[in-house]
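Shown below: work30.cif, with mmCIF, C-alpha atoms.
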```cif
data_query
loop_
_atom_site.label_atom_id
_atom_site.label_comp_id
_atom_site.auth_asym_id
_atom_site.auth_seq_id
_atom_site.Cartn_x
_atom_site.Cartn_y
_atom_site.Cartn_z
CA MET A 1480 -1.95 -14.11 24.89
CA ALA A 1481 -1.15 -15.07 21.31
CA MET A 1482 -1.05 -12.16 18.89
CA ASN A 1483 -3.19 -13.94 16.29
CA ASP A 1484 -6.16 -14.51 18.58
CA ARG A 1485 -8.68 -12.35 16.72
CA ALA A 1486 -9.88 -11.02 13.39
CA GLY A 1487 -9.15 -7.35 13.06
CA THR A 1488 -6.48 -7.01 15.74
CA LEU A 1489 -4.69 -3.71 15.23
CA HIS A 1490 -1.36 -5.17 16.21
CA VAL A 1491 0.89 -3.49 13.66
CA ILE A 1492 2.19 -0.08 14.65
CA ALA A 1493 4.44 1.76 12.22
CA LYS A 1494 7.63 3.53 13.27
CA GLU A 1495 8.41 7.00 11.98
CA VAL A 1496 10.54 6.87 8.87
CA ASN A 1497 13.28 9.50 8.93
CA SER A 1498 14.83 8.56 5.59
CA PRO A 1499 14.83 11.23 2.84
CA LYS A 1500 12.25 11.13 0.08
CA LYS A 1501 13.17 10.67 -3.56
CA GLU A 1502 11.22 10.52 -6.80
CA VAL A 1503 11.85 7.43 -8.91
CA SER A 1504 10.53 5.75 -11.99
CA ILE A 1505 7.88 3.14 -11.32
CA HIS A 1506 10.23 0.65 -13.00
CA GLN A 1507 12.91 1.40 -10.39
CA CYS A 1508 10.58 0.59 -7.50
CA GLU A 1509 10.88 -2.74 -5.74
CA PRO A 1510 8.67 -4.59 -3.24
CA GLY A 1511 9.56 -3.49 0.27
CA MET A 1512 10.03 0.18 -0.57
CA GLN A 1513 7.88 2.60 1.40
CA ILE A 1514 5.85 5.20 -0.44
CA ALA A 1515 6.51 8.79 0.61
CA GLU A 1516 3.23 10.43 -0.43
CA THR A 1517 -0.44 9.57 -0.59
CA ILE A 1518 -1.44 8.97 -4.20
CA HIS A 1519 -4.92 10.03 -5.34
CA ASN A 1520 -6.59 9.43 -8.68
CA ALA A 1521 -8.23 12.15 -10.80
CA GLN A 1522 -11.41 11.89 -8.70
CA GLY A 1523 -9.52 12.44 -5.47
CA VAL A 1524 -9.89 8.84 -4.30
CA VAL A 1525 -6.94 7.38 -2.41
CA VAL A 1526 -5.04 4.82 -4.47
CA ILE A 1527 -2.22 4.15 -1.98
CA LEU A 1528 -1.54 5.86 1.32
CA GLU A 1529 1.71 7.47 2.41
CA LYS A 1530 4.07 5.12 4.32
CA THR A 1531 2.51 2.02 2.78
CA VAL A 1532 5.10 -0.71 2.19
CA LEU A 1533 4.82 -1.53 -1.49
CA ASN A 1534 4.39 -5.08 -2.76
CA ALA A 1535 4.49 -6.47 -6.32
CA SER A 1536 0.71 -6.27 -6.70
CA MET A 1537 0.63 -2.59 -5.74
CA LEU A 1538 3.45 -1.73 -8.13
CA MET A 1539 1.65 -3.47 -10.98
CA ARG A 1540 -1.52 -1.62 -10.04
CA LEU A 1541 0.24 1.77 -10.14
CA GLU A 1542 1.82 0.98 -13.50
CA ASN A 1543 -1.53 -0.10 -14.96
CA LEU A 1544 -3.07 3.16 -13.75
CA GLY A 1545 -0.43 5.10 -15.67
CA TYR A 1546 1.80 6.34 -12.87
CA ALA A 1547 5.28 6.79 -14.34
CA ARG A 1548 7.06 8.21 -11.29
CA ILE A 1549 6.34 8.15 -7.56
CA LYS A 1550 8.03 9.34 -4.39
CA VAL A 1551 9.49 6.76 -2.02
CA PHE A 1552 11.61 6.89 1.11
CA ALA A 1553 15.26 6.20 0.41
CA PRO A 1554 16.05 2.65 1.57
CA SER A 1555 17.28 2.46 5.15
CA PRO A 1556 18.05 -0.66 7.19
CA GLU A 1557 16.20 0.78 10.16
CA GLY A 1558 13.50 2.54 8.11
CA ILE A 1559 10.90 -0.20 8.19
CA VAL A 1560 9.88 -2.05 11.31
CA SER A 1561 9.69 -5.82 10.97
CA ASP A 1562 6.43 -7.69 11.54
CA GLY A 1563 7.92 -9.10 14.74
CA ARG A 1564 8.66 -5.60 15.98
CA TYR A 1565 5.10 -4.52 15.14
CA GLU A 1566 3.73 -7.36 17.22
CA ALA A 1567 6.08 -6.54 20.10
CA LEU A 1568 4.90 -2.92 20.08
CA TYR A 1569 1.27 -3.95 20.09
CA GLN A 1570 1.89 -6.47 22.85
CA ALA A 1571 3.52 -3.77 24.97
CA CYS A 1572 0.46 -1.55 24.51
CA LEU A 1573 -1.82 -4.45 25.37
CA GLU A 1574 0.07 -5.23 28.56
CA ASN A 1575 -0.45 -1.64 29.68
CA VAL A 1576 -4.17 -1.91 28.94
CA GLN A 1577 -4.41 -5.16 30.90
CA GLN A 1578 -2.88 -3.38 33.88
CA ILE A 1579 -5.77 -0.90 33.68
CA PHE A 1580 -8.48 -3.54 33.55
CA ASP A 1581 -7.20 -6.29 35.82
CA PRO A 1582 -7.33 -4.32 39.11
CA VAL A 1583 -10.76 -2.85 38.29
CA THR A 1584 -12.10 -6.33 37.47
CA SER A 1585 -10.97 -7.53 40.90
CA GLY A 1586 -12.73 -4.62 42.62
CA LYS A 1587 -9.85 -2.18 43.02
CA PRO A 1588 -10.08 1.50 42.00
CA LEU A 1589 -8.95 2.76 38.61
CA LYS A 1590 -5.27 3.75 38.45
CA PRO A 1591 -5.04 7.10 36.58
CA GLU A 1592 -1.28 6.85 36.16
CA GLN A 1593 -1.73 3.54 34.33
CA VAL A 1594 -4.37 5.04 32.04
CA LYS A 1595 -2.09 7.97 31.22
CA MET A 1596 0.84 5.63 30.54
CA ALA A 1597 -1.23 3.49 28.15
CA CYS A 1598 -2.63 6.62 26.50
CA ALA A 1599 0.83 8.06 25.87
CA GLN A 1600 1.98 4.77 24.33
CA VAL A 1601 -1.04 4.60 22.01
CA CYS A 1602 -0.62 8.23 20.93
CA GLU A 1603 3.08 7.75 20.25
CA SER A 1604 2.44 4.61 18.22
CA THR A 1605 -0.41 6.00 16.13
CA SER A 1606 1.37 9.29 15.44
CA SER A 1607 4.29 7.51 13.79
CA GLY A 1608 2.64 6.24 10.65
CA HIS A 1609 -0.25 4.35 9.11
CA ASP A 1610 1.31 1.13 7.87
CA PHE A 1611 -0.38 -1.06 10.49
CA PHE A 1612 -3.61 -0.69 8.50
CA ARG A 1613 -1.87 -2.43 5.60
CA GLN A 1614 -0.92 -5.32 7.87
CA ALA A 1615 -3.96 -5.78 10.10
CA TYR A 1616 -7.12 -7.87 9.65
CA ARG A 1617 -5.28 -10.75 7.93
CA SER A 1618 -5.86 -14.41 8.60
CA LEU A 1619 -6.58 -13.96 12.29
CA SER A 1620 -9.20 -15.77 14.35
CA VAL A 1621 -11.87 -14.13 16.48
CA SER A 1622 -11.54 -12.95 20.07
CA ALA A 1623 -13.99 -10.87 22.09
CA SER A 1624 -11.34 -9.81 24.61
CA LEU A 1625 -12.42 -6.62 26.34
CA GLN A 1626 -8.80 -5.45 26.67
CA ILE A 1627 -8.00 -6.02 22.99
CA HIS A 1628 -11.18 -4.27 21.92
CA SER A 1629 -10.40 -1.31 24.19
CA LEU A 1630 -6.89 -0.96 22.78
CA ASN A 1631 -8.08 -1.20 19.17
CA THR A 1632 -10.82 1.33 19.80
CA ALA A 1633 -8.27 3.72 21.30
CA MET A 1634 -5.94 3.33 18.30
CA LEU A 1635 -8.72 3.89 15.79
CA ALA A 1636 -10.07 6.81 17.82
CA ALA A 1637 -6.63 8.45 17.71
CA TYR A 1638 -6.63 8.22 13.91
CA LEU A 1639 -10.21 9.42 13.47
CA HIS A 1640 -9.57 12.35 15.84
CA GLN A 1641 -6.71 13.41 13.56
CA TRP A 1642 -8.59 12.73 10.30
CA MET A 1643 -11.39 15.01 11.51
CA LYS A 1644 -8.83 17.70 12.36
CA MET A 1645 -10.05 17.92 15.91
CA ASN A 1646 -8.18 20.04 18.44
CA GLU A 1647 -4.78 18.36 18.92
CA ASN A 1648 -4.84 19.30 22.58
CA LEU A 1649 -7.84 17.00 23.04
CA LEU A 1650 -6.20 13.91 21.51
CA TYR A 1651 -5.08 12.50 24.88
CA LEU A 1652 -8.60 13.03 26.20
CA THR A 1653 -10.08 11.09 23.27
CA VAL A 1654 -7.62 8.21 23.68
CA GLN A 1655 -8.08 7.95 27.45
CA ALA A 1656 -11.86 7.89 27.04
CA ALA A 1657 -11.57 5.29 24.28
CA LEU A 1658 -9.37 3.07 26.46
CA LEU A 1659 -12.01 3.26 29.22
CA HIS A 1660 -15.22 3.36 27.16
CA ASP A 1661 -16.19 -0.22 28.09
CA ILE A 1662 -14.67 -0.33 31.59
CA GLY A 1663 -18.22 -0.65 32.97
CA LYS A 1664 -18.48 -4.12 31.43
CA THR A 1665 -16.17 -5.35 34.19
CA LYS A 1666 -19.13 -4.83 36.56
CA ILE A 1667 -21.91 -6.61 34.65
CA LYS A 1668 -22.66 -10.33 34.77
CA ARG A 1669 -20.11 -12.25 32.75
CA HIS A 1670 -22.67 -14.47 31.00
CA LEU A 1671 -24.18 -11.40 29.30
CA MET A 1672 -20.94 -10.99 27.35
CA ASP A 1673 -21.34 -14.43 25.82
CA MET A 1674 -25.10 -14.73 25.23
CA PRO A 1675 -25.62 -15.03 21.43
CA GLY A 1676 -28.04 -12.92 19.44
CA THR A 1677 -30.58 -10.44 20.79
CA LEU A 1678 -30.77 -10.33 24.56
CA PRO A 1679 -34.10 -10.76 26.39
CA LYS A 1680 -35.49 -7.48 27.75
CA LYS A 1681 -34.27 -7.94 31.32
CA GLU A 1682 -30.75 -8.90 30.23
CA GLN A 1683 -30.67 -6.03 27.69
CA GLU A 1684 -31.52 -3.56 30.47
CA GLU A 1685 -28.64 -4.96 32.51
CA TRP A 1686 -26.31 -4.71 29.50
CA ASN A 1687 -27.34 -1.10 28.90
CA ARG A 1688 -26.07 -0.21 32.37
CA HIS A 1689 -22.41 -0.54 31.37
CA PRO A 1690 -21.98 3.13 30.28
CA ARG A 1691 -23.38 4.28 33.64
CA LEU A 1692 -21.18 1.79 35.51
CA GLY A 1693 -18.18 3.02 33.54
CA TRP A 1694 -19.04 6.61 34.49
CA GLU A 1695 -19.09 5.61 38.16
CA ILE A 1696 -15.67 3.96 37.93
CA VAL A 1697 -14.03 6.91 36.18
CA ASN A 1698 -15.89 9.58 38.14
CA ALA A 1699 -14.67 8.05 41.41
CA CYS A 1700 -11.09 8.76 40.32
CA ARG A 1701 -10.28 12.36 41.31
CA ASP A 1702 -7.20 12.53 39.11
CA MET A 1703 -9.14 11.89 35.89
CA ASP A 1704 -10.61 14.70 33.77
CA SER A 1705 -14.37 14.78 34.43
CA ARG A 1706 -15.02 14.97 30.69
CA ILE A 1707 -13.63 11.45 30.29
CA ALA A 1708 -16.35 10.12 32.59
CA THR A 1709 -18.98 11.98 30.54
CA ILE A 1710 -17.68 10.49 27.28
CA VAL A 1711 -17.64 6.98 28.78
CA ALA A 1712 -21.26 7.49 29.89
CA THR A 1713 -22.45 8.69 26.48
CA HIS A 1714 -20.56 6.59 23.90
CA HIS A 1715 -23.77 4.67 23.04
CA GLU A 1716 -25.94 7.77 22.57
CA ARG A 1717 -27.17 8.53 19.03
CA PRO A 1718 -28.07 11.80 17.30
CA ASP A 1719 -31.61 10.53 16.62
CA GLY A 1720 -32.24 9.93 20.33
CA ASN A 1721 -32.35 6.12 20.00
CA GLY A 1722 -29.18 5.50 21.95
CA TYR A 1723 -28.73 4.72 25.63
CA PRO A 1724 -28.70 5.18 28.58
CA MET A 1725 -30.04 8.79 28.47
CA ARG A 1726 -31.42 9.05 24.92
CA LEU A 1727 -29.51 12.24 24.24
CA ARG A 1728 -29.85 13.92 20.85
CA GLY A 1729 -27.60 15.80 18.43
CA SER A 1730 -25.46 18.45 20.08
CA GLY A 1731 -26.22 16.98 23.49
CA ILE A 1732 -23.63 14.28 22.74
CA ASP A 1733 -19.96 15.10 23.27
CA PRO A 1734 -18.11 15.25 19.89
CA LEU A 1735 -15.39 12.98 21.28
CA ALA A 1736 -18.02 10.42 22.32
CA ARG A 1737 -19.25 10.39 18.71
CA ILE A 1738 -15.75 9.59 17.45
CA ILE A 1739 -15.48 6.71 19.89
CA ALA A 1740 -18.95 5.41 18.98
CA VAL A 1741 -17.98 4.97 15.32
CA VAL A 1742 -14.66 3.19 15.87
CA ASP A 1743 -16.17 1.10 18.68
CA ARG A 1744 -18.83 -0.09 16.24
CA PHE A 1745 -16.30 -0.88 13.52
CA ASP A 1746 -14.01 -2.88 15.77
CA ASN A 1747 -16.92 -4.84 17.25
CA LEU A 1748 -18.13 -5.68 13.75
CA THR A 1749 -14.76 -6.83 12.45
CA SER A 1750 -13.51 -8.59 15.58
CA GLY A 1751 -16.79 -10.11 16.71
CA THR A 1752 -18.27 -10.21 20.19
CA GLY A 1753 -19.58 -12.98 22.35
CA ARG A 1754 -23.00 -12.23 20.86
CA GLU A 1755 -22.18 -11.59 17.20
CA ARG A 1756 -19.78 -13.20 14.75
CA ALA A 1757 -17.11 -11.14 13.03
CA VAL A 1758 -17.71 -9.79 9.53
CA SER A 1759 -15.26 -8.65 6.86
CA PRO A 1760 -14.10 -5.01 6.89
CA PHE A 1761 -16.13 -4.33 3.74
CA ARG A 1762 -19.28 -5.78 5.24
CA ALA A 1763 -18.57 -3.54 8.25
CA PHE A 1764 -18.21 -0.52 5.94
CA GLU A 1765 -21.58 -1.42 4.40
CA ILE A 1766 -23.25 -1.63 7.80
CA LEU A 1767 -21.74 1.71 8.83
CA GLU A 1768 -22.95 3.31 5.59
CA GLN A 1769 -26.47 2.06 6.23
CA GLU A 1770 -26.52 3.06 9.89
CA ALA A 1771 -25.04 6.52 9.23
CA HIS A 1772 -28.07 7.37 7.09
CA THR A 1773 -30.57 6.02 9.60
CA GLY A 1774 -29.67 7.90 12.77
CA PHE A 1775 -26.04 6.99 13.59
CA HIS A 1776 -23.15 9.49 13.58
CA LEU A 1777 -23.05 10.66 9.96
CA GLU A 1778 -20.14 13.13 9.96
CA GLU A 1779 -17.83 10.88 11.95
CA THR A 1780 -18.75 7.81 9.89
CA LEU A 1781 -18.08 9.59 6.60
CA ALA A 1782 -14.71 10.79 7.89
CA PHE A 1783 -13.84 7.23 8.88
CA LEU A 1784 -14.94 5.82 5.52
CA SER A 1785 -13.02 8.51 3.63
CA GLN A 1786 -9.78 6.96 4.91
CA VAL A 1787 -9.92 3.34 5.98
CA PRO A 1788 -11.17 1.48 2.86
CA GLY A 1789 -8.20 2.75 0.84
CA TYR A 1790 -5.84 0.80 3.08
CA TYR A 1791 -7.18 -2.45 1.61
CA ILE A 1792 -6.27 -1.74 -2.03
CA GLY A 1793 -4.12 -4.62 -3.21
CA ASP A 1794 -5.36 -6.97 -0.49
CA ARG A 1795 -6.87 -10.36 -1.27
CA PHE A 1796 -10.16 -11.75 -0.03
CA PHE A 1797 -12.76 -14.52 -0.25
CA LEU A 1798 -15.95 -13.67 -2.13
CA SER A 1799 -19.37 -15.11 -1.30
CA SER A 1800 -19.19 -16.69 -4.77
CA GLY A 1801 -16.28 -18.83 -3.57
CA ASP A 1802 -13.60 -17.00 -5.57
CA ILE A 1803 -10.44 -15.46 -4.18
CA GLY A 1804 -9.87 -11.96 -5.49
CA GLU A 1805 -7.96 -8.71 -5.14
CA ILE A 1806 -9.22 -5.21 -4.38
CA LEU A 1807 -8.31 -2.83 -7.21
CA TYR A 1808 -10.27 0.37 -6.64
CA ILE A 1809 -12.46 1.95 -3.95
CA ASN A 1810 -15.73 3.32 -5.29
CA PRO A 1811 -15.91 6.94 -3.96
CA ASN A 1812 -19.70 6.82 -3.85
CA MET A 1813 -19.98 3.42 -2.19
CA LYS A 1814 -16.84 2.64 -0.20
CA SER A 1815 -18.13 -0.79 0.82
CA ARG A 1816 -18.46 -2.04 -2.78
CA PRO A 1817 -15.04 -1.83 -4.50
CA LEU A 1818 -13.90 -2.83 -7.97
CA VAL A 1819 -12.20 -6.21 -7.67
CA LYS A 1820 -10.55 -8.88 -9.77
CA ALA A 1821 -11.65 -12.44 -9.03
CA GLY A 1822 -11.97 -15.67 -10.96
CA GLY A 1823 -10.11 -14.15 -13.92
CA ARG A 1824 -12.55 -11.28 -14.40
CA PHE A 1825 -13.20 -7.76 -13.14
CA LEU A 1826 -16.22 -7.21 -10.91
CA ASP A 1827 -17.79 -3.94 -9.84
CA LEU A 1828 -19.43 -4.88 -6.55
CA SER A 1829 -21.53 -1.72 -6.62
CA ILE A 1830 -23.31 -3.37 -9.57
CA GLU A 1831 -22.91 -7.04 -8.59
CA ARG A 1832 -24.85 -6.45 -5.37
CA HIS A 1833 -25.50 -10.16 -4.78
CA ILE A 1834 -21.77 -10.78 -4.29
CA HIS A 1835 -20.06 -9.91 -1.00
CA ILE A 1836 -16.53 -9.88 0.40
CA GLU A 1837 -16.78 -12.56 3.08
CA ALA A 1838 -13.30 -12.40 4.62
CA MET A 1839 -9.81 -11.08 3.94
CA VAL A 1840 -7.11 -13.58 3.06
#
```

Using structure tokens, write down the structure that the file contains.
Amino acid sequence: MAMNDRAGTLHVIAKEVNSPKKEVSIHQCEPGMQIAETIHNAQGVVVILEKTVLNASMLMRLENLGYARIKVFAPSPEGIVSDGRYEALYQACLENVQQIFDPVTSGKPLKPEQVKMACAQVCESTSSGHDFFRQAYRSLSVSASLQIHSLNTAMLAAYLHQWMKMNENLLYLTVQAALLHDIGKTKIKRHLMDMPGTLPKKEQEEWNRHPRLGWEIVNACRDMDSRIATIVATHHERPDGNGYPMRLRGSGIDPLARIIAVVDRFDNLTSGTGRERAVSPFRAFEILEQEAHTGFHLEETLAFLSQVPGYYIGDRFFLSSGDIGEILYINPNMKSRPLVKAGGRFLDLSIERHIHIEAMV
């Protein structure tokens, strides 16, 4: 499978940088250096995240904001993983995920040792840095691959688990459940995965069975923690009771299932499904903002939005106006509507509400 088969593929996994930190003048910094601390502005909004690999645009941005000195990792030949290495790491993770799904798709039982192996690889990769966010979602086409979506959801779930300061001992549980959250889709009719738009009532009822089917697959495996099966069964429940299949409410939903629900939604929005086309990350942030205030998982969504938009500062995009622009600043009160520069002028998208970020360059 080609590594550029989808929009939003989380295929860049950073390697821990062991080089010492040093403080340098902004004028001594060069593209390719890796920042050694997260930089916030006076309002506490992230400007650039720790372990981001600096480019010329970011350096200019920092200088314009008045930063005279910053901390970077001392240059090291092995300090930064090449793009090819990132892709190789992601591919290795994906191959492990495929070895989970392929036997189940052909009717064989779930292999717990394979799930644990894939989980350990995801946890190791996502614990070693955040730079893959800087590299992902760029110029990739759409794929609705169930295996890719499951891997991406697991990676994002690992980050959100840590951002929310959840019990570290539960991280493996979260990642295993995220890897398996859609395993029940291997047992529903294939054409339902590809039917565009809103499904007819009968087909929607069949689709809504996949959490229950996933529970059956995981629950049948004696070597899997029973809580994983519960999370798989409830990842589409909502605090307002409008989820499925059991219409649970509030505290009746496992906290780890709520984490998975948010990142599952984000990856589906940005990668696309057989039924819906992919949208830009900022359109996805906007949808999450709207849904969080109308019955979706508010706390988990806000934690997600407190981190992820900042990774796109300095990135370029296509506007609905036809211009190509650059993201300069994330609005702390409306993360989906940043300050941008496009067409030779500055635009505050929280004011210019008729203009949207259509796609990242």

As a check of understanding: the span from atom CA of A:Leu1671 to atom CA of A:Glu1755 is 12.3 Å

Which residues fall under the PyMOL selection byres ((chain A and resi 1518) around 8) in this file, as a VMD selection string? chain A and resid 1516 to 1517 1519 to 1520 1525 to 1529

Give me, as JSON, numbers by chain, all polymer residues having an atom no more than 10 Å from A:Ser1585, counting all atoms listed in the file and skipping those fewer than 4 positions away in the same chain. {"A": [1580, 1581, 1665, 1666]}

Using only C-alpha atoms, which protein or nucleic acid residues come within 8 Å of stretch 1788-1803 of chain A? Drop anything in the same chain fewer than 2 positions from it, and give the result as a VMD selection string. chain A and resid 1525 to 1528 1536 to 1537 1540 1612 to 1613 1761 1764 1784 to 1786 1805 to 1809 1814 to 1815 1821 to 1822 1834 to 1840

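Atom CA of A:Leu1538 lies 21.4 Å from atom CA of A:Asp1827.
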
Check which residues satisfy the PyMOL selection byres ((chain A and resi 1746) around 9) in the file shown, then give them as number ranges by chain. A: 1487-1488, 1628, 1631-1632, 1635, 1741-1745, 1747-1751, 1763

Decode the PyMOL selection byres ((chain A and resi 1735) around 9) for the given file into explicit residues and return them as a ChimeraX atom specification. /A:1636,1640,1649,1652-1653,1656,1710,1714,1732-1734,1736-1740

Can you list, as a PyMOL selection string, every protein, DNA or RNA residue that comes within 9 Å of A:Leu1625 when you count all atoms listed in the file, leaving out same-chain residues fewer than 2 positions away? chain A and resi 1580+1622-1623+1627-1630+1661-1662+1664-1665

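One finds atom CA of A:Gln1655 at 10.0 Å from atom CA of A:Ala1708.
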
Long-range neighbours of stretch 1682-1686 of chain A as a PDB file with C-alpha atoms, in the frame of the given file, 12 Å cut-off, only C-alpha atoms, 4 positions minimum in chain:
```pdb
ATOM      1  CA  ASP A1661     -16.190  -0.220  28.090  1.00  0.00           C
ATOM      2  CA  GLY A1663     -18.220  -0.650  32.970  1.00  0.00           C
ATOM      3  CA  LYS A1664     -18.480  -4.120  31.430  1.00  0.00           C
ATOM      4  CA  THR A1665     -16.170  -5.350  34.190  1.00  0.00           C
ATOM      5  CA  LYS A1666     -19.130  -4.830  36.560  1.00  0.00           C
ATOM      6  CA  ILE A1667     -21.910  -6.610  34.650  1.00  0.00           C
ATOM      7  CA  LYS A1668     -22.660 -10.330  34.770  1.00  0.00           C
ATOM      8  CA  ARG A1669     -20.110 -12.250  32.750  1.00  0.00           C
ATOM      9  CA  HIS A1670     -22.670 -14.470  31.000  1.00  0.00           C
ATOM     10  CA  LEU A1671     -24.180 -11.400  29.300  1.00  0.00           C
ATOM     11  CA  MET A1672     -20.940 -10.990  27.350  1.00  0.00           C
ATOM     12  CA  ASP A1673     -21.340 -14.430  25.820  1.00  0.00           C
ATOM     13  CA  MET A1674     -25.100 -14.730  25.230  1.00  0.00           C
ATOM     14  CA  PRO A1675     -25.620 -15.030  21.430  1.00  0.00           C
ATOM     15  CA  GLY A1676     -28.040 -12.920  19.440  1.00  0.00           C
ATOM     16  CA  THR A1677     -30.580 -10.440  20.790  1.00  0.00           C
ATOM     17  CA  LEU A1678     -30.770 -10.330  24.560  1.00  0.00           C
ATOM     18  CA  PRO A1690     -21.980   3.130  30.280  1.00  0.00           C
ATOM     19  CA  ARG A1691     -23.380   4.280  33.640  1.00  0.00           C
ATOM     20  CA  LEU A1692     -21.180   1.790  35.510  1.00  0.00           C
ATOM     21  CA  GLY A1693     -18.180   3.020  33.540  1.00  0.00           C
ATOM     22  CA  HIS A1715     -23.770   4.670  23.040  1.00  0.00           C
ATOM     23  CA  TYR A1723     -28.730   4.720  25.630  1.00  0.00           C
ATOM     24  CA  PRO A1724     -28.700   5.180  28.580  1.00  0.00           C
ATOM     25  CA  ARG A1754     -23.000 -12.230  20.860  1.00  0.00           C
TER      26      ARG A1754
END
```

Near-A:Ile1549 list (10 Å; all atoms listed in the file; drop same-chain fewer than 2 positions) as a list of chain:residue names: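 Close residues of A:Ile1549: A:Lys1501, A:Glu1502, A:Val1503, A:Ser1504, A:Ile1505, A:Gln1507, A:Cys1508, A:Ile1514, A:Ala1515, A:Glu1516, A:Thr1517, A:Ile1518, A:Leu1541, A:Tyr1546, A:Ala1547, A:Val1551.
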
Those same residues, written as an mmCIF file, in the coordinates of the input with C-alpha atoms?
```cif
data_model
loop_
_atom_site.group_PDB
_atom_site.id
_atom_site.type_symbol
_atom_site.label_atom_id
_atom_site.label_comp_id
_atom_site.auth_asym_id
_atom_site.auth_seq_id
_atom_site.Cartn_x
_atom_site.Cartn_y
_atom_site.Cartn_z
ATOM 1 C CA LYS A 1501 13.170 10.670 -3.560
ATOM 2 C CA GLU A 1502 11.220 10.520 -6.800
ATOM 3 C CA VAL A 1503 11.850 7.430 -8.910
ATOM 4 C CA SER A 1504 10.530 5.750 -11.990
ATOM 5 C CA ILE A 1505 7.880 3.140 -11.320
ATOM 6 C CA GLN A 1507 12.910 1.400 -10.390
ATOM 7 C CA CYS A 1508 10.580 0.590 -7.500
ATOM 8 C CA ILE A 1514 5.850 5.200 -0.440
ATOM 9 C CA ALA A 1515 6.510 8.790 0.610
ATOM 10 C CA GLU A 1516 3.230 10.430 -0.430
ATOM 11 C CA THR A 1517 -0.440 9.570 -0.590
ATOM 12 C CA ILE A 1518 -1.440 8.970 -4.200
ATOM 13 C CA LEU A 1541 0.240 1.770 -10.140
ATOM 14 C CA TYR A 1546 1.800 6.340 -12.870
ATOM 15 C CA ALA A 1547 5.280 6.790 -14.340
ATOM 16 C CA VAL A 1551 9.490 6.760 -2.020
#
```

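Shortest separation to A:Met1596 among A:Leu1777, A:Met1813, A:Met1539, A:Leu1658 occurs at residue A:Leu1658, atoms counted being all atoms listed in the file.
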